[in-house]
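Following: one structure in structure tokens, then a few remarks.
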Amino acid sequence: MADPAMSVTPYWELTFDADGDVSGPERDRLLVEAPRRGVRDLVVFAHGWNNDRSGATRLYSSFFAPFPRLAPSARIGYVGVVWPSMRFCDEPIPDFPRSAAAEAPRRPVLDKDTRHALLETFPGRGILVEQLARLLEQRPREEAELAEFGRLVRLLVEVVPPGPQALFAADTLAEGVPQDEPEMFTGSAAAMCETFAQALAGLESPDAPAQFTMPDPWDGALELLRQGTYYAMKRRAGTVGERGLGRFLGQLADTAPQMRVHLVGHSFGGRLVSFALRGLPEGVRTVKSVTLLQGAFSHYAFAARLPHDPRAGGVLQGQNQRVDGPLVCCHSGHDTALGTLYPLASRMAGDAQGVVEGFGLGGLLGDKWGAMGHDGVQAVPGTRALTLAEALAGPLPGSGCVNVDASAVVCRGGPPSGAHSDIVHPELARVVLAAGRIR
């Protein structure tokens, strides 16, 4: 029986916890029902920033809606991955209901909905959340209080030392050591908050003349908390992808070896489905396409060598070869979450002024710490670059990495995230179908 909240059928959900463990009943139902329903192509979509199951379901229903019309003869099954992540409530999704926090003028405080989302995402840390909220409201002038705010953020998101768990947060490695642990947790909290405040001021008023006075660091404190939670989501995405979804895809290959799997991921969900490739059992070749929508992880993740450091490579180097088809990366220059704030947070430099000068000019910071969803896969030989119109005119390459500039449709959204969540477009649905040769 069709789910009235879902635009397509057959549709299943797979729910994973933060450790990558999947709901057994959901897994077993999918393994039994998908072959029984005669599914030939299974499209598996992993959300990124999200606060609850209903929000994920709305996203999946909206994105999948054009598929039956675009591929009327295809025997498609649809899977929505649900995993514990969160979206700050001042980050609206185009065409979705807006929260009061998104409608109100931007203020560096924790609104009720965001507090609730933090408590759901980090259970058992209610006292920490209230302490952070109180500091944001009071904005004490002492630098020691900013340092305390940074300490509380670190405690909330459980920053881990280098080791096996850190690999799920790192996107690049040098000599086996994670290279992108966030310095915002180890440096001066006041300096980090000042840097974020100046970056946010530039996003709010991009045409305003540069200011030579440093902003109030508390104007950037909420962004430090936001980026801290995203660091935790980034780590979880790797864990759920490799230990959870990758393992499930191996089980599905045993049960239905002829079924063709197509992975789709938005934001950190793009990182999740990419890490699922690393979790595939040896010899599994059922993944026929991967489509990344505004992927929130390093554009060097698949690189064998980094242009600025020949000793280092991407944590997923070579994993694109596990796809028996193309890995398509859709990116947009209108995504300010990934074009500005992601590289700033990924590698905070000791010289805050140098960071601010570099991020908006396509300088070294953006080149070294850029995100997949901002400029596509980098430093992987043979990667093709196409406009959205060229991709839709087709056919897409049958293998290798393919960058598709989707700026023509992924273009709506204001600060701080820009067009990061503007992904519900029939054109992007067509890209997924073209990548998977689904007809």
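Just so we're on the same page: first chain in the structure tokens is A, next is B, and so on; residues restart at 1 for each chain, and ligands are numbered from 1 in the order they show up.
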Item to check | Non-local contacts of Leu245 in chain A (6 Å; only C-alpha atoms; under 3 positions in same chain excluded) as an MDAnalysis selection string | outcome: chainID A and resid 241 248 276
Next on the checklist: Taking 6 positions as the minimum chain separation for residues in the same chain, which residues sit within 12 Å of Glu148 in chain A when counting only C-alpha atoms? Answer as an MDAnalysis selection string.
Outcome noted: chainID A and resid 128 131:132 134:136 139:140 142 154:155 185 188:190 221
Convert the current residue selection to file output with N, CA and C atoms, as a compact mmCIF listing (two decimals), in the first residue's frame.
```
# COMPACT_ATOMS: atom_id res chain seq x y z
N LEU A 128 24.69 21.55 28.62
CA LEU A 128 25.61 22.25 27.72
C LEU A 128 24.86 23.18 26.79
N GLN A 131 23.77 26.26 28.66
CA GLN A 131 24.92 27.15 28.94
C GLN A 131 25.31 27.92 27.68
N LEU A 132 25.32 27.25 26.53
CA LEU A 132 25.65 27.93 25.27
C LEU A 132 24.60 28.99 24.95
N ARG A 134 22.68 30.62 27.03
CA ARG A 134 22.79 31.75 27.96
C ARG A 134 23.94 32.68 27.58
N LEU A 135 25.08 32.11 27.19
CA LEU A 135 26.21 32.95 26.78
C LEU A 135 25.88 33.74 25.53
N LEU A 136 25.18 33.12 24.57
CA LEU A 136 24.81 33.84 23.35
C LEU A 136 23.85 34.98 23.64
N ARG A 139 26.09 37.71 25.93
CA ARG A 139 27.23 38.30 25.22
C ARG A 139 28.20 39.00 26.17
N PRO A 140 28.73 38.31 27.17
CA PRO A 140 29.66 38.95 28.12
C PRO A 140 30.91 39.45 27.40
N GLU A 142 34.02 39.72 28.48
CA GLU A 142 35.32 39.14 28.82
C GLU A 142 35.72 38.08 27.79
N ARG A 154 33.10 22.42 22.00
CA ARG A 154 33.92 21.21 21.84
C ARG A 154 33.33 20.05 22.62
N LEU A 155 32.88 20.32 23.85
CA LEU A 155 32.27 19.26 24.66
C LEU A 155 30.97 18.76 24.01
N PHE A 185 38.67 24.50 17.02
CA PHE A 185 38.50 23.94 18.35
C PHE A 185 39.77 24.02 19.19
N SER A 188 42.26 30.23 19.41
CA SER A 188 41.55 31.22 20.20
C SER A 188 40.10 31.29 19.75
N ALA A 189 39.17 31.06 20.67
CA ALA A 189 37.75 31.14 20.34
C ALA A 189 37.38 32.56 19.92
N ALA A 190 37.97 33.57 20.56
CA ALA A 190 37.67 34.95 20.20
C ALA A 190 38.09 35.24 18.76
N ALA A 221 29.75 33.94 17.08
CA ALA A 221 29.74 32.80 17.99
C ALA A 221 28.74 31.73 17.58
```
Item to check | Long-range neighbours of Pro281 in chain A as a list in words, 9 Å cut-off, only C-alpha atoms, 3 positions minimum in chain | outcome: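 Non-adjacent residues within range: Gly246, Arg247, Leu249, Gly250, Leu277, Arg278 and Val284 of chain A.
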Could you please take those selected residues and save all heavy atoms as a PDB file, in the first residue's frame?
```pdb
ATOM      1  N   GLY A 246      27.048   0.958   3.422  1.00  0.00           N
ATOM      2  CA  GLY A 246      27.912   0.085   2.630  1.00  0.00           C
ATOM      3  C   GLY A 246      27.689  -1.380   2.954  1.00  0.00           C
ATOM      4  O   GLY A 246      27.618  -2.234   2.051  1.00  0.00           O
ATOM      5  N   ARG A 247      27.559  -1.676   4.241  1.00  0.00           N
ATOM      6  CA  ARG A 247      27.305  -3.062   4.662  1.00  0.00           C
ATOM      7  C   ARG A 247      25.950  -3.551   4.137  1.00  0.00           C
ATOM      8  O   ARG A 247      25.821  -4.679   3.651  1.00  0.00           O
ATOM      9  CB  ARG A 247      27.353  -3.140   6.184  1.00  0.00           C
ATOM     10  CG  ARG A 247      27.192  -4.545   6.755  1.00  0.00           C
ATOM     11  CD  ARG A 247      27.254  -4.477   8.269  1.00  0.00           C
ATOM     12  NE  ARG A 247      28.485  -3.837   8.733  1.00  0.00           N
ATOM     13  CZ  ARG A 247      28.663  -3.398   9.973  1.00  0.00           C
ATOM     14  NH1 ARG A 247      27.688  -3.512  10.870  1.00  0.00           N
ATOM     15  NH2 ARG A 247      29.796  -2.839  10.322  1.00  0.00           N
ATOM     16  N   LEU A 249      24.379  -2.531   1.454  1.00  0.00           N
ATOM     17  CA  LEU A 249      24.449  -2.752   0.004  1.00  0.00           C
ATOM     18  C   LEU A 249      25.102  -4.093  -0.322  1.00  0.00           C
ATOM     19  O   LEU A 249      24.749  -4.732  -1.325  1.00  0.00           O
ATOM     20  CB  LEU A 249      25.210  -1.599  -0.660  1.00  0.00           C
ATOM     21  CG  LEU A 249      24.530  -0.227  -0.596  1.00  0.00           C
ATOM     22  CD1 LEU A 249      25.426   0.844  -1.195  1.00  0.00           C
ATOM     23  CD2 LEU A 249      23.178  -0.248  -1.287  1.00  0.00           C
ATOM     24  N   GLY A 250      26.030  -4.524   0.517  1.00  0.00           N
ATOM     25  CA  GLY A 250      26.594  -5.863   0.344  1.00  0.00           C
ATOM     26  C   GLY A 250      25.551  -6.938   0.549  1.00  0.00           C
ATOM     27  O   GLY A 250      25.491  -7.925  -0.208  1.00  0.00           O
ATOM     28  N   LEU A 277      30.743   3.583  -0.447  1.00  0.00           N
ATOM     29  CA  LEU A 277      31.586   2.878  -1.419  1.00  0.00           C
ATOM     30  C   LEU A 277      32.754   2.202  -0.715  1.00  0.00           C
ATOM     31  O   LEU A 277      33.157   1.085  -1.071  1.00  0.00           O
ATOM     32  CB  LEU A 277      32.107   3.863  -2.472  1.00  0.00           C
ATOM     33  CG  LEU A 277      31.046   4.577  -3.314  1.00  0.00           C
ATOM     34  CD1 LEU A 277      31.702   5.633  -4.201  1.00  0.00           C
ATOM     35  CD2 LEU A 277      30.274   3.575  -4.150  1.00  0.00           C
ATOM     36  N   ARG A 278      33.308   2.874   0.293  1.00  0.00           N
ATOM     37  CA  ARG A 278      34.433   2.287   1.036  1.00  0.00           C
ATOM     38  C   ARG A 278      33.986   1.107   1.888  1.00  0.00           C
ATOM     39  O   ARG A 278      34.787   0.231   2.228  1.00  0.00           O
ATOM     40  CB  ARG A 278      35.074   3.365   1.925  1.00  0.00           C
ATOM     41  CG  ARG A 278      36.493   3.000   2.361  1.00  0.00           C
ATOM     42  CD  ARG A 278      37.236   4.178   2.913  1.00  0.00           C
ATOM     43  NE  ARG A 278      36.964   4.404   4.323  1.00  0.00           N
ATOM     44  CZ  ARG A 278      37.701   5.179   5.101  1.00  0.00           C
ATOM     45  NH1 ARG A 278      38.751   5.821   4.599  1.00  0.00           N
ATOM     46  NH2 ARG A 278      37.398   5.337   6.364  1.00  0.00           N
ATOM     47  N   VAL A 284      31.720  -6.454  -4.927  1.00  0.00           N
ATOM     48  CA  VAL A 284      30.357  -5.976  -5.190  1.00  0.00           C
ATOM     49  C   VAL A 284      30.406  -4.878  -6.245  1.00  0.00           C
ATOM     50  O   VAL A 284      31.113  -3.878  -6.086  1.00  0.00           O
ATOM     51  CB  VAL A 284      29.699  -5.452  -3.900  1.00  0.00           C
ATOM     52  CG1 VAL A 284      28.384  -4.754  -4.220  1.00  0.00           C
ATOM     53  CG2 VAL A 284      29.465  -6.592  -2.922  1.00  0.00           C
TER      54      VAL A 284
END
```
Item to check | Pick from A:Leu225, A:Ala133, A:Val431, A:Leu263, whichever lies nearest to Val323 in chain A using only C-alpha atoms | outcome: A:Leu263
Item to check | CA of Tyr230 in chain A to CA of Val328 in chain A, straight-line distance in Å | outcome: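 CA of Val328 in chain A sits 23.4 Å away from CA of Tyr230 in chain A.
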Checklist entry - Which of these, A:Met86, A:Leu156, A:Cys401, A:Ala256, has the shortest distance to Ala379 in chain A once you count only C-alpha atoms? => result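 Comparing A:Met86, A:Leu156, A:Cys401, A:Ala256 against Ala379 in chain A, the winner is A:Cys401.
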Item to check | Option closest in space to Tyr342 in chain A, from A:His266, A:His420, A:Arg36, A:Arg125 [counting only C-alpha atoms] | outcome: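 Closest to Tyr342 in chain A, using only C-alpha atoms: A:His420.
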Item to check | Members of range 10-65 of chain A assigned alpha helix (DSSP H) by DSSP, as a list in words | outcome: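 Across range 10-65 of chain A, those assigned alpha helix (DSSP H) are Gly24, Pro25, Glu26, Arg27, Asp28, Arg29, Leu30, Leu31, Val32, Glu33, Ala34, Pro35, Arg36, Arg53, Ser54, Gly55, Ala56, Thr57, Arg58, Leu59, Tyr60, Ser61, Ser62, Phe63 and Phe64 of chain A.
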Selection to disk with C-alpha atoms, as a PDB file, in the first residue's frame:
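New file again-v7.pdb:
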```
ATOM      1  CA  GLY A  24      16.479  -4.480  11.419  1.00  0.00           C
ATOM      2  CA  PRO A  25      12.778  -4.583  10.433  1.00  0.00           C
ATOM      3  CA  GLU A  26      13.255  -1.879   7.800  1.00  0.00           C
ATOM      4  CA  ARG A  27      16.326  -3.628   6.378  1.00  0.00           C
ATOM      5  CA  ASP A  28      14.620  -7.024   6.243  1.00  0.00           C
ATOM      6  CA  ARG A  29      11.479  -5.614   4.638  1.00  0.00           C
ATOM      7  CA  LEU A  30      13.493  -3.954   1.878  1.00  0.00           C
ATOM      8  CA  LEU A  31      15.598  -7.052   1.223  1.00  0.00           C
ATOM      9  CA  VAL A  32      12.439  -9.149   0.791  1.00  0.00           C
ATOM     10  CA  GLU A  33      10.060  -6.728  -0.901  1.00  0.00           C
ATOM     11  CA  ALA A  34      12.307  -5.046  -3.492  1.00  0.00           C
ATOM     12  CA  PRO A  35      13.074  -8.273  -5.413  1.00  0.00           C
ATOM     13  CA  ARG A  36       9.460  -9.418  -5.005  1.00  0.00           C
ATOM     14  CA  ARG A  53      11.955  12.135   9.713  1.00  0.00           C
ATOM     15  CA  SER A  54       9.056  14.219   8.374  1.00  0.00           C
ATOM     16  CA  GLY A  55      11.475  16.758   6.909  1.00  0.00           C
ATOM     17  CA  ALA A  56      13.455  13.991   5.240  1.00  0.00           C
ATOM     18  CA  THR A  57      10.285  12.426   3.854  1.00  0.00           C
ATOM     19  CA  ARG A  58       9.145  15.770   2.402  1.00  0.00           C
ATOM     20  CA  LEU A  59      12.506  16.177   0.688  1.00  0.00           C
ATOM     21  CA  TYR A  60      12.426  12.673  -0.782  1.00  0.00           C
ATOM     22  CA  SER A  61       8.820  12.979  -1.929  1.00  0.00           C
ATOM     23  CA  SER A  62       9.503  16.312  -3.636  1.00  0.00           C
ATOM     24  CA  PHE A  63      12.714  15.183  -5.313  1.00  0.00           C
ATOM     25  CA  PHE A  64      11.362  11.823  -6.478  1.00  0.00           C
TER      26      PHE A  64
END
```
Item to check | Distance criterion (only C-alpha atoms): nearest to Ala174 in chain A out of A:Ala304, A:Ala18, A:Leu118, A:Ala419 | outcome: A:Ala304
Checklist entry - Between A:Pro66, A:Gly48, A:Gly220, A:Pro72, which one has atoms that come closest to Leu293 in chain A, using only C-alpha atoms? => result A:Gly48
Item to check | One-decimal distance in Å that lies between CA of Pro326 in chain A and CA of Thr15 in chain A | outcome: 26.4 Å
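Using only C-alpha atoms, the protein and nucleic acid residues lying no more than 9 Å from Val273 in chain A, apart from those fewer than 4 places from it along its own chain, are A:Val44, A:Phe45, A:Ala46, A:Ala237, A:Gly238, A:Val240, A:Gly241, A:Glu242, A:Leu245, A:Gly246, A:Leu263, A:Val264, A:Gly265, A:Phe268, A:Gly269, A:Leu277, A:Val290, A:Leu292.
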Can you spit out the residues from that selection as a PDB file, in the first residue's frame, using N, CA and C atoms?
```pdb
ATOM      1  N   VAL A  44      18.711   5.213  -4.067  1.00  0.00           N
ATOM      2  CA  VAL A  44      18.896   5.371  -2.620  1.00  0.00           C
ATOM      3  C   VAL A  44      19.364   6.793  -2.353  1.00  0.00           C
ATOM      4  N   PHE A  45      18.567   7.584  -1.646  1.00  0.00           N
ATOM      5  CA  PHE A  45      18.839   9.006  -1.420  1.00  0.00           C
ATOM      6  C   PHE A  45      19.132   9.225   0.066  1.00  0.00           C
ATOM      7  N   ALA A  46      20.248   9.902   0.366  1.00  0.00           N
ATOM      8  CA  ALA A  46      20.616  10.254   1.741  1.00  0.00           C
ATOM      9  C   ALA A  46      20.551  11.770   1.906  1.00  0.00           C
ATOM     10  N   ALA A 237      28.324  11.143   9.135  1.00  0.00           N
ATOM     11  CA  ALA A 237      28.045  10.746   7.754  1.00  0.00           C
ATOM     12  C   ALA A 237      29.023   9.676   7.301  1.00  0.00           C
ATOM     13  N   GLY A 238      30.303   9.825   7.641  1.00  0.00           N
ATOM     14  CA  GLY A 238      31.278   8.806   7.283  1.00  0.00           C
ATOM     15  C   GLY A 238      31.005   7.487   7.978  1.00  0.00           C
ATOM     16  N   VAL A 240      28.058   6.344   9.237  1.00  0.00           N
ATOM     17  CA  VAL A 240      26.830   5.720   8.738  1.00  0.00           C
ATOM     18  C   VAL A 240      27.046   5.170   7.332  1.00  0.00           C
ATOM     19  N   GLY A 241      27.799   5.901   6.511  1.00  0.00           N
ATOM     20  CA  GLY A 241      28.032   5.434   5.153  1.00  0.00           C
ATOM     21  C   GLY A 241      28.835   4.155   5.091  1.00  0.00           C
ATOM     22  N   GLU A 242      29.997   4.140   5.746  1.00  0.00           N
ATOM     23  CA  GLU A 242      30.882   2.977   5.634  1.00  0.00           C
ATOM     24  C   GLU A 242      30.367   1.794   6.451  1.00  0.00           C
ATOM     25  N   LEU A 245      25.416   1.913   5.534  1.00  0.00           N
ATOM     26  CA  LEU A 245      24.871   1.758   4.189  1.00  0.00           C
ATOM     27  C   LEU A 245      25.727   0.838   3.334  1.00  0.00           C
ATOM     28  N   GLY A 246      27.048   0.958   3.422  1.00  0.00           N
ATOM     29  CA  GLY A 246      27.912   0.085   2.630  1.00  0.00           C
ATOM     30  C   GLY A 246      27.689  -1.380   2.954  1.00  0.00           C
ATOM     31  N   LEU A 263      23.106   5.652  -6.036  1.00  0.00           N
ATOM     32  CA  LEU A 263      23.228   6.403  -4.798  1.00  0.00           C
ATOM     33  C   LEU A 263      23.135   7.897  -5.081  1.00  0.00           C
ATOM     34  N   VAL A 264      22.344   8.593  -4.273  1.00  0.00           N
ATOM     35  CA  VAL A 264      22.174  10.040  -4.371  1.00  0.00           C
ATOM     36  C   VAL A 264      22.354  10.617  -2.979  1.00  0.00           C
ATOM     37  N   GLY A 265      23.129  11.673  -2.861  1.00  0.00           N
ATOM     38  CA  GLY A 265      23.322  12.287  -1.552  1.00  0.00           C
ATOM     39  C   GLY A 265      23.366  13.790  -1.642  1.00  0.00           C
ATOM     40  N   PHE A 268      25.904  16.635   3.483  1.00  0.00           N
ATOM     41  CA  PHE A 268      26.621  15.560   4.160  1.00  0.00           C
ATOM     42  C   PHE A 268      26.108  14.190   3.743  1.00  0.00           C
ATOM     43  N   GLY A 269      24.901  14.129   3.187  1.00  0.00           N
ATOM     44  CA  GLY A 269      24.426  12.874   2.618  1.00  0.00           C
ATOM     45  C   GLY A 269      25.269  12.444   1.434  1.00  0.00           C
ATOM     46  N   LEU A 277      30.743   3.583  -0.447  1.00  0.00           N
ATOM     47  CA  LEU A 277      31.586   2.878  -1.419  1.00  0.00           C
ATOM     48  C   LEU A 277      32.754   2.202  -0.715  1.00  0.00           C
ATOM     49  N   VAL A 290      26.546   7.198  -8.904  1.00  0.00           N
ATOM     50  CA  VAL A 290      26.498   8.030  -7.697  1.00  0.00           C
ATOM     51  C   VAL A 290      26.288   9.462  -8.157  1.00  0.00           C
ATOM     52  N   LEU A 292      26.080  13.284  -6.526  1.00  0.00           N
ATOM     53  CA  LEU A 292      26.290  14.130  -5.354  1.00  0.00           C
ATOM     54  C   LEU A 292      25.663  15.493  -5.615  1.00  0.00           C
TER      55      LEU A 292
END
```
Checklist entry - If you count only C-alpha atoms, which residues fall within 9 Å of Arg37 in chain A, apart from same-chain ones fewer than 5 positions away, as a list in words? => result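 Skipping anything fewer than 5 positions along the chain leaves Pro10, Val32, Arg75 and Gly77 of chain A.
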Item to check | Length of the CA of Ile438 in chain A to CA of Asn403 in chain A vector [Å] | outcome: 19.3 Å
Checklist entry - Which is closest to Ala74 in chain A among A:Glu194, A:Asp111, A:Asp41, A:Asp405, if we use only C-alpha atoms? => result A:Asp41
Item to check | Contacts of range 307-314 of chain A within 7 Å, only C-alpha atoms, excl. fewer than 2 positions in-chain, as a PyMOL selection string | outcome: chain A and resi 171-175+300-305+316-317
Selected residues, all heavy atoms, written as a CSV table (one decimal), in the first residue's frame, please.
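Saved result, selection_26.csv, follows:
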```csv
chain,number,residue,atom,x,y,z
A,171,ASP,N,38.8,14.4,5.5
A,171,ASP,CA,38.6,14.2,4.1
A,171,ASP,C,39.9,14.0,3.3
A,171,ASP,O,39.9,13.5,2.2
A,171,ASP,CB,37.9,15.4,3.5
A,171,ASP,CG,36.4,15.4,3.7
A,171,ASP,OD1,35.9,14.4,4.1
A,171,ASP,OD2,35.8,16.5,3.6
A,172,THR,N,41.0,14.4,3.9
A,172,THR,CA,42.4,14.2,3.3
A,172,THR,C,43.3,13.6,4.4
A,172,THR,O,43.1,13.9,5.6
A,172,THR,CB,42.9,15.5,2.8
A,172,THR,OG1,43.0,16.5,3.8
A,172,THR,CG2,42.1,16.0,1.7
A,173,LEU,N,44.3,12.9,3.9
A,173,LEU,CA,45.2,12.2,4.8
A,173,LEU,C,46.6,12.5,4.3
A,173,LEU,O,46.9,12.4,3.1
A,173,LEU,CB,45.0,10.7,4.9
A,173,LEU,CG,43.6,10.2,5.4
A,173,LEU,CD1,43.5,8.7,5.2
A,173,LEU,CD2,43.4,10.6,6.9
A,174,ALA,N,47.6,12.7,5.2
A,174,ALA,CA,49.0,12.7,4.9
A,174,ALA,C,49.7,11.8,5.8
A,174,ALA,O,49.7,11.9,7.0
A,174,ALA,CB,49.5,14.2,5.1
A,175,GLU,N,50.4,10.8,5.2
A,175,GLU,CA,51.2,9.8,6.0
A,175,GLU,C,50.3,9.2,7.1
A,175,GLU,O,50.8,9.0,8.2
A,175,GLU,CB,52.4,10.4,6.5
A,175,GLU,CG,53.4,11.0,5.4
A,175,GLU,CD,54.6,11.7,5.9
A,175,GLU,OE1,54.7,11.9,7.1
A,175,GLU,OE2,55.4,12.0,5.1
A,300,TYR,N,38.9,17.3,-2.8
A,300,TYR,CA,40.0,16.4,-3.0
A,300,TYR,C,39.8,15.0,-2.4
A,300,TYR,O,40.7,14.2,-2.3
A,300,TYR,CB,41.3,17.0,-2.3
A,300,TYR,CG,41.8,18.3,-3.0
A,300,TYR,CD1,42.2,19.4,-2.3
A,300,TYR,CD2,41.9,18.4,-4.4
A,300,TYR,CE1,42.6,20.5,-2.9
A,300,TYR,CE2,42.3,19.5,-5.0
A,300,TYR,CZ,42.7,20.6,-4.2
A,300,TYR,OH,43.2,21.7,-4.8
A,301,ALA,N,38.6,14.7,-1.9
A,301,ALA,CA,38.3,13.5,-1.2
A,301,ALA,C,38.7,12.3,-2.0
A,301,ALA,O,39.1,11.2,-1.5
A,301,ALA,CB,36.9,13.4,-0.7
A,302,PHE,N,38.5,12.3,-3.4
A,302,PHE,CA,38.8,11.2,-4.2
A,302,PHE,C,40.2,11.2,-4.8
A,302,PHE,O,40.6,10.3,-5.6
A,302,PHE,CB,37.8,11.1,-5.3
A,302,PHE,CG,36.4,10.8,-4.8
A,302,PHE,CD1,35.4,11.8,-4.8
A,302,PHE,CD2,36.0,9.5,-4.4
A,302,PHE,CE1,34.1,11.5,-4.3
A,302,PHE,CE2,34.7,9.2,-3.9
A,302,PHE,CZ,33.8,10.3,-3.9
A,303,ALA,N,41.0,12.3,-4.5
A,303,ALA,CA,42.3,12.5,-5.2
A,303,ALA,C,43.3,11.5,-4.6
A,303,ALA,O,43.4,11.4,-3.4
A,303,ALA,CB,42.7,13.9,-5.0
A,304,ALA,N,44.2,11.0,-5.4
A,304,ALA,CA,45.3,10.2,-5.0
A,304,ALA,C,46.4,11.1,-4.4
A,304,ALA,O,47.1,10.7,-3.5
A,304,ALA,CB,45.9,9.4,-6.1
A,305,ARG,N,46.6,12.3,-4.9
A,305,ARG,CA,47.6,13.2,-4.5
A,305,ARG,C,47.0,14.6,-4.5
A,305,ARG,O,46.3,15.0,-5.4
A,305,ARG,CB,48.8,13.2,-5.3
A,305,ARG,CG,49.6,11.9,-5.2
A,305,ARG,CD,50.4,11.8,-3.9
A,305,ARG,NE,51.1,10.6,-3.7
A,305,ARG,CZ,50.6,9.5,-3.2
A,305,ARG,NH1,49.4,9.4,-2.8
A,305,ARG,NH2,51.4,8.4,-3.1
A,316,LEU,N,39.1,9.1,0.4
A,316,LEU,CA,38.3,8.2,-0.4
A,316,LEU,C,39.0,8.0,-1.8
A,316,LEU,O,38.4,7.6,-2.8
A,316,LEU,CB,36.9,8.8,-0.7
A,316,LEU,CG,36.0,8.9,0.5
A,316,LEU,CD1,34.7,9.6,0.2
A,316,LEU,CD2,35.7,7.5,1.1
A,317,GLN,N,40.3,8.1,-1.8
A,317,GLN,CA,41.0,8.0,-3.1
A,317,GLN,C,40.8,6.6,-3.7
A,317,GLN,O,40.9,5.6,-3.0
A,317,GLN,CB,42.5,8.2,-2.9
A,317,GLN,CG,43.2,7.3,-1.8
A,317,GLN,CD,44.7,7.7,-1.7
A,317,GLN,OE1,45.5,7.3,-2.4
A,317,GLN,NE2,45.0,8.5,-0.7
```
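Residue neighbourhood of Phe122 in chain A, excluding near-sequence residues (fewer than 4 positions): A:Pro84, A:Ser85, A:Met86, A:His116, A:Ala117, A:Leu118, A:Gly126, A:Leu128, A:Val129, A:Leu156, A:Val157, A:Glu158, A:Thr229, A:Ala232, at 10 Å, using only C-alpha atoms.
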